Amino acid sequence: MDIILNDVEVRVLGSLIEKELTTPEYYPLSLNALTNACNQKSNRDPMMALSEEDVVRALDSLRFKQLAVLSADGGRVPKYRHLLAEKMGLMPAEQAIICELLVRGPQTGRELRTRGERMYSFADQAAVDEVLQELSVRETPFITLMPRQPGRKEGRYAQLFSGIPESTEERAEARPEAARQRVLAENERITKLEEEVDSLRGEVVALQLMMVEFRAQFE
């Protein structure tokens, strides 16, 4: 995909789409409402704590990429809306799927049907699978099916707006044993103490020099 978004841009774009589909009466969104939508505790993975400044920077970038715009509805408070459907020619069902992947990360087809119901009512799982197929085989695909992980019955779909996702298996590392974690923590504590001692020694030397200079004034 030609357009590559960072994590904050992904969250802002996904939140705009979600609110248009779930609460159209409050859409477009003010900066405050959009920031709250990005940081909400439900239907989000990972959780974020974005400032309004973070959201403004993401909006400016999305506007440059023609994915968001300042609404022309007027009013005292500036409001923002996304342009994804217009720019990419997406239907509501496709927007719902993409939105879920933007705000909650990779998911299975069944998870997408269950979680996407709040934005679009799919007739059955086959309807979801059809949309997933359409989004996957476009000339410029919007989503991809990730390799199935060990212990899972289904592969998970991921959005491609932030680039090709890494496999969880590739990123996963063995968690250190509890004993090793304690040793690492102890080593870190000792290192910090040694740094503090060196700093204090430097301050003592500086004070000693100051004292010598002070006494020299009276000799």
# chains A, B, ... in the order shown; residues from 1 in each chain; ligands from 1
>>> select_by_dssp(residues="stretch 13-167 of chain A", states="strand (DSSP E)", output="list in words")
Leu29, Ser30, Ala68, Val69, Leu70, Lys79, Tyr80, Arg81, His82, Ile143, Thr144, Leu145, Tyr157, Ala158 and Gln159 of chain A
>>> residues_around(residues="stretch 18-35 of chain A", least_positions_apart="3", cutoff="6 Å", atoms="only C-alpha atoms", output="ChimeraX atom specification")
/A:15,38,78-81,119
>>> write_last_selection(atoms="C-alpha atoms", output="PDB file, in the first residue's frame")
ATOM      1  CA  SER A  15     -11.668   6.222  15.842  1.00  0.00           C
ATOM      2  CA  CYS A  38      -8.647   7.355  20.804  1.00  0.00           C
ATOM      3  CA  PRO A  78     -13.541  22.835  14.604  1.00  0.00           C
ATOM      4  CA  LYS A  79     -14.562  19.259  13.834  1.00  0.00           C
ATOM      5  CA  TYR A  80     -12.901  16.518  11.852  1.00  0.00           C
ATOM      6  CA  ARG A  81     -14.048  13.649   9.646  1.00  0.00           C
ATOM      7  CA  MET A 119     -20.976  -0.912  13.323  1.00  0.00           C
TER       8      MET A 119
END
>>> closest_residue(among="A:Gly75, A:Gly14, A:Pro150, A:Pro46", to="A:Glu100", atoms="only C-alpha atoms")
A:Gly14
>>> atom_distance(atom1="atom CA of A:Gly155", atom2="atom CA of A:Leu16")
27.1 Å
>>> closest_residue(among="A:Phe142, A:Phe218, A:Phe64, A:Tyr157", to="A:Gln95", atoms="only C-alpha atoms")
A:Phe142
>>> closest_residue(among="A:Arg118, A:Arg110, A:Arg180, A:Arg138", to="A:Leu90", atoms="only C-alpha atoms")
A:Arg138
>>> residues_around(residues="A:Met48", least_positions_apart="5", cutoff="12 Å", atoms="only C-alpha atoms", output="ChimeraX atom specification")
/A:7-8,10-12,35-43,54-55,103-104
>>> write_last_selection(atoms="C-alpha atoms", output="short mmCIF file (atom, residue, chain, number, x, y, z; two decimals), in the first residue's frame")
data_model
loop_
_atom_site.label_atom_id
_atom_site.label_comp_id
_atom_site.auth_asym_id
_atom_site.auth_seq_id
_atom_site.Cartn_x
_atom_site.Cartn_y
_atom_site.Cartn_z
CA ASP A 7 0.39 3.89 15.27
CA VAL A 8 -1.19 7.19 16.29
CA VAL A 10 -3.99 4.37 12.72
CA ARG A 11 -5.78 5.00 16.02
CA VAL A 12 -7.08 8.42 14.95
CA THR A 35 -8.89 12.39 21.71
CA ASN A 36 -11.33 10.72 24.12
CA ALA A 37 -12.30 8.23 21.40
CA CYS A 38 -8.65 7.35 20.80
CA ASN A 39 -8.03 6.82 24.53
CA GLN A 40 -11.24 4.99 25.46
CA LYS A 41 -10.85 1.79 27.45
CA SER A 42 -13.30 -0.35 25.47
CA ASN A 43 -12.81 -1.75 21.97
CA ASP A 54 -0.51 13.92 19.58
CA VAL A 55 -3.91 13.82 17.90
CA VAL A 103 -8.59 0.04 16.55
CA ARG A 104 -8.04 -3.50 17.86
#
>>> atom_distance(atom1="atom CA of A:Leu112", atom2="atom CA of A:Cys99")
9.9 Å
>>> residues_around(residues="A:Ala127", least_positions_apart="6", cutoff="12 Å", atoms="only C-alpha atoms", output="NGL selection string")
:A and (93-94 or 97 or 109-110 or 112-113 or 120-121 or 133-134)
>>> atom_distance(atom1="atom CA of A:Ala158", atom2="atom CA of A:Leu101")
6.1 Å
